[in-house]
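query18.csv follows (CSV, C-alpha atoms (C1' of nucleotides)):
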chain,number,residue,atom,x,y,z
I,1,MET,CA,0.0,0.0,0.0
I,2,SER,CA,1.0,3.5,-0.5
I,3,ASN,CA,-1.8,5.9,-1.4
I,4,ALA,CA,-4.3,3.2,-0.9
I,5,LYS,CA,-6.8,4.3,1.7
I,6,VAL,CA,-7.6,8.0,1.4
I,7,LEU,CA,-10.6,10.0,2.5
I,8,PRO,CA,-13.3,10.2,-0.1
I,9,LEU,CA,-13.4,13.9,-0.1
I,10,LEU,CA,-14.3,14.2,-3.7
I,11,GLU,CA,-17.2,12.3,-5.2
I,12,PRO,CA,-16.4,10.5,-8.5
I,13,ALA,CA,-17.1,14.0,-9.9
I,14,ASP,CA,-20.1,14.9,-12.1
I,15,GLY,CA,-18.0,15.7,-15.0
I,16,GLN,CA,-16.2,18.7,-13.5
I,17,GLY,CA,-13.0,18.3,-11.5
I,18,VAL,CA,-13.8,19.5,-8.1
I,19,ALA,CA,-16.8,18.1,-6.2
I,20,PRO,CA,-16.6,19.4,-2.6
I,21,CYS,CA,-17.5,17.0,0.2
I,22,CYS,CA,-20.0,19.4,1.6
I,23,PRO,CA,-21.8,22.6,0.9
I,24,PRO,CA,-20.4,25.9,2.2
I,25,LEU,CA,-20.5,26.2,6.0
I,26,THR,CA,-22.8,29.1,5.6
I,27,GLU,CA,-25.4,27.5,3.3
I,28,ARG,CA,-27.1,25.2,5.8
I,29,PRO,CA,-26.3,23.4,9.0
I,30,MET,CA,-24.0,20.5,8.3
I,31,THR,CA,-25.2,17.0,9.0
I,32,ALA,CA,-23.2,14.7,11.3
I,33,GLU,CA,-21.7,12.8,8.5
I,34,GLU,CA,-20.6,15.9,6.6
I,35,ALA,CA,-19.1,17.4,9.7
I,36,GLU,CA,-17.2,14.2,10.4
I,37,THR,CA,-15.7,14.2,6.9
I,38,ALA,CA,-14.9,17.9,6.8
I,39,ALA,CA,-13.5,18.0,10.4
I,40,ARG,CA,-10.9,15.4,9.4
I,41,MET,CA,-9.5,17.8,6.8
I,42,PHE,CA,-9.5,20.8,9.2
I,43,LYS,CA,-8.0,18.7,12.0
I,44,ALA,CA,-5.2,17.6,9.7
I,45,LEU,CA,-4.2,21.3,9.3
I,46,GLY,CA,-4.8,22.0,12.9
I,47,ASP,CA,-1.3,21.3,14.0
I,48,PRO,CA,1.5,23.9,13.5
I,49,VAL,CA,4.0,21.3,12.4
I,50,ARG,CA,1.7,19.8,9.9
I,51,LEU,CA,0.6,23.2,8.6
I,52,ARG,CA,4.3,24.1,8.0
I,53,LEU,CA,5.0,20.8,6.3
I,54,PHE,CA,1.9,21.2,4.1
I,55,SER,CA,2.8,24.8,3.3
I,56,ALA,CA,6.3,23.8,2.4
I,57,VAL,CA,5.1,21.2,0.0
I,58,ALA,CA,2.4,23.4,-1.5
I,59,SER,CA,4.8,26.3,-2.0
I,60,HIS,CA,7.6,24.2,-3.4
I,61,GLU,CA,8.1,24.4,-7.2
I,62,GLY,CA,5.9,22.0,-9.0
I,63,GLY,CA,3.7,21.6,-6.0
I,64,GLU,CA,5.9,18.7,-4.9
I,65,ALA,CA,8.8,18.3,-2.6
I,66,CYS,CA,11.2,15.6,-1.3
I,67,VAL,CA,11.0,15.0,2.4
I,68,CYS,CA,14.6,16.1,2.7
I,69,ASP,CA,13.5,19.5,1.4
I,70,ILE,CA,10.9,20.2,4.0
I,71,SER,CA,11.9,18.3,7.2
I,72,ASP,CA,13.5,21.3,8.9
I,73,VAL,CA,10.6,22.2,11.1
I,74,GLY,CA,12.2,21.6,14.5
I,75,VAL,CA,11.0,18.1,15.3
I,76,SER,CA,12.6,14.7,14.9
I,77,GLN,CA,12.6,12.7,11.7
I,78,PRO,CA,10.1,10.1,13.0
I,79,THR,CA,7.8,13.0,13.9
I,80,VAL,CA,8.0,14.5,10.5
I,81,SER,CA,7.2,11.1,9.0
I,82,HIS,CA,4.3,10.7,11.3
I,83,HIS,CA,2.8,14.1,10.4
I,84,LEU,CA,3.2,13.5,6.7
I,85,LYS,CA,1.4,10.3,7.1
I,86,LYS,CA,-1.5,12.1,8.8
I,87,LEU,CA,-1.7,14.6,5.9
I,88,LYS,CA,-1.7,11.7,3.5
I,89,GLU,CA,-4.5,10.0,5.4
I,90,ALA,CA,-6.5,13.2,5.3
I,91,GLY,CA,-6.2,13.2,1.6
I,92,LEU,CA,-4.2,16.5,1.5
I,93,LEU,CA,-1.0,15.0,0.2
I,94,THR,CA,0.0,12.0,-1.9
I,95,SER,CA,3.5,10.4,-1.9
I,96,GLU,CA,5.6,8.7,-4.4
I,97,ARG,CA,9.0,7.1,-4.0
I,98,ARG,CA,11.5,7.9,-6.8
I,99,GLY,CA,14.8,6.1,-6.2
I,100,THR,CA,16.3,7.1,-2.9
I,101,TRP,CA,13.8,9.9,-2.0
I,102,VAL,CA,10.1,10.1,-1.4
I,103,TYR,CA,8.2,13.0,-2.9
I,104,TYR,CA,5.0,14.5,-1.5
I,105,ARG,CA,2.7,16.6,-3.6
I,106,VAL,CA,-0.5,18.5,-2.8
I,107,GLU,CA,-3.9,17.4,-3.9
I,108,PRO,CA,-5.2,20.6,-5.4
I,109,SER,CA,-8.8,19.4,-5.7
I,110,VAL,CA,-9.0,18.8,-1.9
I,111,LEU,CA,-7.5,22.2,-1.3
I,112,ALA,CA,-10.2,23.7,-3.5
I,113,ALA,CA,-12.9,21.8,-1.7
I,114,MET,CA,-11.8,23.2,1.6
I,115,GLY,CA,-11.7,26.7,0.1
I,116,LYS,CA,-15.3,26.3,-1.0
I,117,LEU,CA,-16.4,25.2,2.4
I,118,LEU,CA,-15.2,28.5,3.8
I,119,ALA,CA,-16.8,30.5,1.0
I,120,LEU,CA,-18.7,33.5,2.1
I,121,PRO,CA,-22.2,34.1,0.7
I,122,ALA,CA,-21.5,36.8,-1.8
I,123,ALA,CA,-21.0,40.1,0.1
I,124,ALA,CA,-21.2,39.2,3.8
H,1,MET,CA,-14.9,39.4,30.4
H,2,SER,CA,-16.9,38.2,27.4
H,3,ASN,CA,-15.2,38.7,24.1
H,4,ALA,CA,-12.1,39.8,25.8
H,5,LYS,CA,-9.2,37.7,24.7
H,6,VAL,CA,-9.5,36.7,21.1
H,7,LEU,CA,-6.9,35.7,18.5
H,8,PRO,CA,-5.3,38.5,16.7
H,9,LEU,CA,-6.1,37.0,13.3
H,10,LEU,CA,-6.6,40.3,11.7
H,11,GLU,CA,-4.2,43.1,12.0
H,12,PRO,CA,-5.6,46.5,12.8
H,13,ALA,CA,-6.3,46.5,9.0
H,14,ASP,CA,-4.5,48.8,6.6
H,15,GLY,CA,-7.7,50.6,5.6
H,16,GLN,CA,-9.5,47.7,4.1
H,17,GLY,CA,-11.5,45.2,6.0
H,18,VAL,CA,-9.9,41.8,5.8
H,19,ALA,CA,-6.2,41.4,6.6
H,20,PRO,CA,-5.5,37.7,6.7
H,21,CYS,CA,-3.0,36.5,9.3
H,22,CYS,CA,-0.8,34.8,6.8
H,23,PRO,CA,-0.2,34.5,3.1
H,24,PRO,CA,-1.8,31.6,1.2
H,25,LEU,CA,-0.4,28.2,2.0
H,26,THR,CA,0.9,27.9,-1.5
H,27,GLU,CA,2.8,31.1,-1.6
H,28,ARG,CA,5.7,30.3,0.5
H,29,PRO,CA,6.5,28.0,3.5
H,30,MET,CA,4.9,29.4,6.6
H,31,THR,CA,7.0,30.5,9.5
H,32,ALA,CA,6.6,28.9,12.9
H,33,GLU,CA,4.6,31.8,14.2
H,34,GLU,CA,2.3,32.0,11.2
H,35,ALA,CA,1.7,28.3,11.5
H,36,GLU,CA,0.9,28.6,15.2
H,37,THR,CA,-1.7,31.2,14.6
H,38,ALA,CA,-3.3,29.6,11.6
H,39,ALA,CA,-3.3,26.2,13.1
H,40,ARG,CA,-5.5,27.5,16.0
H,41,MET,CA,-8.2,28.4,13.5
H,42,PHE,CA,-8.1,25.1,11.7
H,43,LYS,CA,-8.0,23.2,14.9
H,44,ALA,CA,-11.1,25.0,16.1
H,45,LEU,CA,-13.0,23.6,13.1
H,46,GLY,CA,-11.3,20.2,13.4
H,47,ASP,CA,-13.9,18.8,15.6
H,48,PRO,CA,-17.2,17.5,14.2
H,49,VAL,CA,-19.4,18.9,16.9
H,50,ARG,CA,-17.7,22.3,16.7
H,51,LEU,CA,-18.1,22.3,12.9
H,52,ARG,CA,-21.8,21.6,13.2
H,53,LEU,CA,-22.2,24.3,15.7
H,54,PHE,CA,-20.3,26.8,13.6
H,55,SER,CA,-22.2,25.8,10.5
H,56,ALA,CA,-25.5,26.1,12.4
H,57,VAL,CA,-24.7,29.7,13.4
H,58,ALA,CA,-23.2,30.6,10.1
H,59,SER,CA,-26.2,29.4,8.1
H,60,HIS,CA,-28.8,30.8,10.5
H,61,GLU,CA,-30.6,33.9,9.3
H,62,GLY,CA,-28.7,37.0,10.1
H,63,GLY,CA,-25.5,35.0,10.7
H,64,GLU,CA,-26.5,34.8,14.3
H,65,ALA,CA,-28.3,32.2,16.4
H,66,CYS,CA,-29.3,31.6,20.0
H,67,VAL,CA,-27.7,28.7,21.7
H,68,CYS,CA,-31.1,27.2,22.1
H,69,ASP,CA,-31.4,27.1,18.3
H,70,ILE,CA,-28.3,25.1,17.6
H,71,SER,CA,-27.7,22.9,20.7
H,72,ASP,CA,-29.2,19.8,19.1
H,73,VAL,CA,-26.0,18.2,18.1
H,74,GLY,CA,-26.1,15.0,20.2
H,75,VAL,CA,-24.0,16.1,23.1
H,76,SER,CA,-24.8,17.5,26.6
H,77,GLN,CA,-25.4,21.1,27.3
H,78,PRO,CA,-22.1,21.7,29.1
H,79,THR,CA,-20.3,20.2,26.1
H,80,VAL,CA,-22.1,22.5,23.7
H,81,SER,CA,-21.1,25.4,25.9
H,82,HIS,CA,-17.5,24.2,26.0
H,83,HIS,CA,-17.3,24.0,22.2
H,84,LEU,CA,-18.9,27.4,21.7
H,85,LYS,CA,-16.3,28.8,24.0
H,86,LYS,CA,-13.5,27.2,22.0
H,87,LEU,CA,-14.9,28.7,18.8
H,88,LYS,CA,-15.0,32.1,20.5
H,89,GLU,CA,-11.5,31.8,21.7
H,90,ALA,CA,-10.4,31.0,18.2
H,91,GLY,CA,-12.0,34.2,17.0
H,92,LEU,CA,-14.6,32.5,14.8
H,93,LEU,CA,-17.6,33.5,16.8
H,94,THR,CA,-18.6,36.3,19.1
H,95,SER,CA,-21.4,36.2,21.7
H,96,GLU,CA,-23.8,38.6,23.2
H,97,ARG,CA,-26.4,38.1,25.9
H,98,ARG,CA,-29.8,39.6,25.2
H,99,GLY,CA,-32.1,39.0,28.0
H,100,THR,CA,-32.5,35.3,28.8
H,101,TRP,CA,-30.7,34.1,25.7
H,102,VAL,CA,-27.1,34.2,24.5
H,103,TYR,CA,-26.6,34.8,20.8
H,104,TYR,CA,-23.6,33.7,18.8
H,105,ARG,CA,-22.6,35.2,15.5
H,106,VAL,CA,-19.9,34.5,13.0
H,107,GLU,CA,-16.9,36.7,12.4
H,108,PRO,CA,-17.0,37.0,8.6
H,109,SER,CA,-13.5,38.6,8.3
H,110,VAL,CA,-11.9,35.6,10.0
H,111,LEU,CA,-13.8,33.2,7.8
H,112,ALA,CA,-12.5,35.2,4.8
H,113,ALA,CA,-9.0,35.1,6.1
H,114,MET,CA,-9.1,31.3,6.3
H,115,GLY,CA,-10.5,31.1,2.8
H,116,LYS,CA,-7.6,33.2,1.6
H,117,LEU,CA,-5.2,30.8,3.3
H,118,LEU,CA,-6.5,28.0,1.1
H,119,ALA,CA,-6.6,30.0,-2.1
H,120,LEU,CA,-5.1,28.2,-5.1
H,121,PRO,CA,-2.5,30.0,-7.2
H,122,ALA,CA,-4.7,31.0,-10.1
H,123,ALA,CA,-5.6,27.9,-12.2
H,124,ALA,CA,-3.9,25.0,-10.4
V,1,DT,C1',26.8,-9.6,-0.6
V,2,DG,C1',27.5,-5.8,2.7
V,3,DT,C1',27.1,-1.0,3.9
V,4,DC,C1',25.4,3.6,3.8
V,5,DT,C1',21.6,6.9,3.4
V,6,DA,C1',16.7,8.1,3.4
V,7,DT,C1',12.3,7.2,5.2
V,8,DG,C1',8.7,4.6,7.7
V,9,DT,C1',7.2,1.9,11.9
V,10,DT,C1',6.9,0.6,16.8
V,11,DG,C1',6.4,1.3,21.6
V,12,DA,C1',6.3,4.3,25.3
V,13,DC,C1',5.4,8.5,27.7
V,14,DG,C1',3.4,13.0,28.9
V,15,DT,C1',0.0,16.2,27.7
V,16,DC,C1',-4.1,17.8,25.7
V,17,DT,C1',-9.1,17.3,24.9
V,18,DA,C1',-13.9,15.8,24.6
V,19,DT,C1',-17.3,14.4,27.5
V,20,DC,C1',-20.2,14.1,31.4
V,21,DG,C1',-22.8,15.2,36.1
V,22,DA,C1',-23.0,18.5,39.5
V,23,DT,C1',-23.2,23.1,40.4
V,24,DA,C1',-23.1,28.1,39.9
V,25,DC,C1',-24.7,32.3,37.7
V,26,DA,C1',-28.0,35.3,35.1
V,27,DG,C1',-32.3,37.0,33.9
V,28,DG,C1',-37.3,36.6,33.7
V,29,DT,C1',-41.7,35.8,36.2
V,30,DG,C1',-44.7,35.3,39.9
Z,1,DC,C1',-38.5,37.6,47.7
Z,2,DA,C1',-38.6,32.6,45.7
Z,3,DC,C1',-38.7,29.9,41.7
Z,4,DC,C1',-37.9,28.5,37.0
Z,5,DT,C1',-35.2,28.4,32.7
Z,6,DG,C1',-31.1,29.2,29.9
Z,7,DT,C1',-26.2,29.2,29.9
Z,8,DA,C1',-21.5,28.9,31.9
Z,9,DT,C1',-18.1,26.8,35.0
Z,10,DC,C1',-16.0,23.0,37.8
Z,11,DG,C1',-14.0,18.5,38.6
Z,12,DA,C1',-13.2,14.0,37.1
Z,13,DT,C1',-12.3,10.5,33.6
Z,14,DA,C1',-11.3,8.2,29.3
Z,15,DG,C1',-9.3,8.5,25.1
Z,16,DA,C1',-6.7,10.9,21.5
Z,17,DC,C1',-2.5,13.1,20.2
Z,18,DG,C1',2.5,14.8,19.6
Z,19,DT,C1',6.9,13.5,20.5
Z,20,DC,C1',11.0,10.8,20.9
Z,21,DA,C1',14.5,6.8,20.7
Z,22,DA,C1',15.1,2.4,18.8
Z,23,DC,C1',14.4,-0.4,15.2
Z,24,DA,C1',12.9,-1.8,10.4
Z,25,DT,C1',12.7,-1.3,5.5
Z,26,DA,C1',14.0,0.4,0.8
Z,27,DG,C1',17.1,1.7,-2.6
Z,28,DA,C1',21.9,3.0,-4.2
Z,29,DC,C1',26.4,1.6,-4.7
Z,30,DA,C1',30.7,-0.8,-4.1
Would you mind writing the structure in this file as C-alpha cells?
Amino acid sequence: MSNAKVLPLLEPADGQGVAPCCPPLTERPMTAEEAETAARMFKALGDPVRLRLFSAVASHEGGEACVCDISDVGVSQPTVSHHLKKLKEAGLLTSERRGTWVYYRVEPSVLAAMGKLLALPAAA
Amino acid sequence: MSNAKVLPLLEPADGQGVAPCCPPLTERPMTAEEAETAARMFKALGDPVRLRLFSAVASHEGGEACVCDISDVGVSQPTVSHHLKKLKEAGLLTSERRGTWVYYRVEPSVLAAMGKLLALPAAA
DNA sequence: TGTCTATGTTGACGTCTATCGATACAGGTG
DNA sequence: CACCTGTATCGATAGACGTCAACATAGACA
C-alpha cells in the first residue's frame, strides 16, 4: 500500500473536476456525516508542524517536494514522517518514491474543496 | 470578560476590512509563528461537533443564532457550551447576551482570512 | 553480498481534549 | 423575595495526540 486508503473527499465527480464533500458552511447546518468528513481535513491542518509541512510542499516548485527539502521544522525525523502520514490519510497529500527519495505533492482538488467550504455568501 | 481575549487573526487593518493573518499556504513556506496562529483556527474547526455548531450559526438567518437554536447536536449542554467557548477563543464566533438568551454570530472577516489561506494560485 | 543513506514503523510517555454530572450564575416571572 | 429556565463553570475521567529513541525497511552503490 502507498496511497491506498484516502478520504473520499471528492465524489467521482459529475463531469467537472472539483466536487466538494459538503456545501459551504454558511449554506445550511452540516449533517453529522458531513461534519465528520470535513472535520478530518481541518484537523489535519490544525497542528502547526503539519501546517508548515503542508505549506512547504504546497509552495515548493511543481507543488511537490522531497521529504529532505521540508523536514527542517524543529522536530525529529520520525515525527516528520508521522505528520506526513497524517496529511496523506486526510487526503491532502500524496506520496511517491523515486529512487532514494520520497516526494510528496499536494492534492489541489482537496484544497479547492476546503476553500469552497469557507466561501462567504457573496458580500457578507 | 466576554469577548475579551480573542486571537489577533486580523491586523488592525490597513484601511481595508480583511487582513489575513498569513499568506496563502501555497505562496511560501509558513513560519513557525504563522503556523501557530493559523493552526489554531483550523484546529477549532477540526472537531465534528464544533463544525456543526459553527455551520449552524453561520447558516442561521442574520448569521446569528441563539444557543437554544443550535444545541441539538447530540452532546450534553455543558459540552455545547464548551465548544462554543472554543470557537469564541479561536475568534470564529462572538457572543452577546440579550435577556434570557445568548446569541452567537460568525466573524466574517476571520472566515474570509481562512478562505484566503486555502486559495489556489490562479488555475492549479 | 554488505554497507550507507533516506524514510517509515513501533512502543512508550506525557499532555491535551472531549465528554459528562453537579453546580453556579444570570435573567425573567410570579 | 422565591422559583424556574437558559447558559457557563468546575472536577473527574477516558481516550486521542504529539513527541521521541530504537528499530525496520527500501534503494543506491561498491
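Remark: for Thr94 of chain H, the closest of the candidate residues H:Ala65, H:Ala39, H:Leu117, H:Ala112 is H:Ala65 (distances computed over only C-alpha atoms).
Relative to atom CA of Val49 of chain I, atom CA of Ala35 of chain I is found at 23.6 Å.
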Taking all atoms listed in the file into account, report as a ChimeraX atom specification which residues of chain I lie within 9 Å of chain H. /I:24-60,63,70,73,108-109,111-112,114-120,124
Identify all chain H residues at most 9 Å from chain Z by counting only C-alpha atoms (C1' of nucleotides); ligands do not count. Present them as a VMD selection string. chain H and resid 67 to 68 77 to 78 81 to 82 100 to 102
Expected answer as a compact mmCIF listing (two decimals) with C-alpha atoms, in the frame of the given file: chain H residues within 8 Å of chain V, only C-alpha atoms (C1' of nucleotides):
# COMPACT_ATOMS: atom_id res chain seq x y z
CA SER H 76 -24.80 17.50 26.60
CA THR H 79 -20.30 20.20 26.10
CA GLY H 99 -32.10 39.00 28.00
CA THR H 100 -32.50 35.30 28.80
Could you check how far atom CA of Glu64 of chain I sits from atom CA of Arg105 of chain I, in Å to one decimal?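 Computing the Euclidean distance for atom CA of Glu64 of chain I and atom CA of Arg105 of chain I yields 4.0 Å.
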Using atom CA of Tyr104 of chain I and atom CA of Leu84 of chain I as the two end points, give the distance in Å to one decimal.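 These two atoms are separated by 8.5 Å.
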Rebuild segment 71-82 of chain H so that it carries all heavy atoms, then output the result as a compact mmCIF listing (two decimals), keeping the file's coordinate frame.
# COMPACT_ATOMS: atom_id res chain seq x y z
N SER H 71 -28.32 23.85 19.71
CA SER H 71 -27.70 22.90 20.70
C SER H 71 -28.12 21.49 20.49
O SER H 71 -27.83 20.66 21.33
CB SER H 71 -27.95 23.40 22.08
OG SER H 71 -29.31 23.64 22.27
N ASP H 72 -28.76 21.19 19.36
CA ASP H 72 -29.20 19.80 19.10
C ASP H 72 -28.22 19.08 18.27
O ASP H 72 -28.47 18.74 17.13
CB ASP H 72 -30.60 19.84 18.48
CG ASP H 72 -31.21 18.46 18.44
OD1 ASP H 72 -30.82 17.63 19.29
OD2 ASP H 72 -32.06 18.20 17.57
N VAL H 73 -27.06 18.82 18.84
CA VAL H 73 -26.00 18.20 18.10
C VAL H 73 -25.57 16.84 18.72
O VAL H 73 -24.54 16.28 18.37
CB VAL H 73 -24.77 19.05 17.91
CG1 VAL H 73 -25.06 20.19 16.95
CG2 VAL H 73 -24.34 19.60 19.25
N GLY H 74 -26.36 16.36 19.67
CA GLY H 74 -26.10 15.00 20.20
C GLY H 74 -25.15 14.97 21.39
O GLY H 74 -24.72 13.89 21.78
N VAL H 75 -24.80 16.13 21.95
CA VAL H 75 -24.00 16.10 23.10
C VAL H 75 -24.65 16.93 24.25
O VAL H 75 -25.61 17.65 23.98
CB VAL H 75 -22.55 16.69 22.87
CG1 VAL H 75 -21.78 15.80 21.91
CG2 VAL H 75 -22.65 18.10 22.35
N SER H 76 -24.15 16.82 25.45
CA SER H 76 -24.80 17.50 26.60
C SER H 76 -24.66 18.99 26.50
O SER H 76 -23.84 19.52 25.76
CB SER H 76 -24.17 16.97 27.88
OG SER H 76 -22.86 17.44 27.98
N GLN H 77 -25.45 19.67 27.28
CA GLN H 77 -25.40 21.10 27.30
C GLN H 77 -24.06 21.69 27.70
O GLN H 77 -23.57 22.62 27.06
CB GLN H 77 -26.56 21.65 28.17
CG GLN H 77 -26.61 23.15 28.32
CD GLN H 77 -25.77 23.63 29.51
OE1 GLN H 77 -25.76 22.99 30.55
NE2 GLN H 77 -25.09 24.74 29.35
N PRO H 78 -23.41 21.15 28.74
CA PRO H 78 -22.10 21.70 29.10
C PRO H 78 -21.09 21.50 27.94
O PRO H 78 -20.24 22.36 27.72
CB PRO H 78 -21.68 20.82 30.29
CG PRO H 78 -22.96 20.40 30.91
CD PRO H 78 -23.91 20.19 29.78
N THR H 79 -21.22 20.41 27.21
CA THR H 79 -20.30 20.20 26.10
C THR H 79 -20.54 21.20 24.98
O THR H 79 -19.59 21.72 24.39
CB THR H 79 -20.47 18.75 25.55
OG1 THR H 79 -20.23 17.83 26.62
CG2 THR H 79 -19.50 18.48 24.43
N VAL H 80 -21.79 21.50 24.71
CA VAL H 80 -22.10 22.50 23.70
C VAL H 80 -21.47 23.85 24.15
O VAL H 80 -20.80 24.53 23.36
CB VAL H 80 -23.61 22.69 23.55
CG1 VAL H 80 -23.92 23.94 22.75
CG2 VAL H 80 -24.21 21.46 22.88
N SER H 81 -21.65 24.18 25.40
CA SER H 81 -21.10 25.40 25.90
C SER H 81 -19.59 25.46 25.79
O SER H 81 -18.99 26.48 25.42
CB SER H 81 -21.53 25.60 27.37
OG SER H 81 -21.21 26.87 27.84
N HIS H 82 -18.98 24.34 26.09
CA HIS H 82 -17.50 24.20 26.00
C HIS H 82 -17.04 24.46 24.57
O HIS H 82 -16.08 25.20 24.34
CB HIS H 82 -17.11 22.81 26.45
CG HIS H 82 -15.74 22.41 26.08
ND1 HIS H 82 -14.61 22.89 26.72
CD2 HIS H 82 -15.28 21.57 25.12
CE1 HIS H 82 -13.54 22.35 26.16
NE2 HIS H 82 -13.91 21.55 25.20
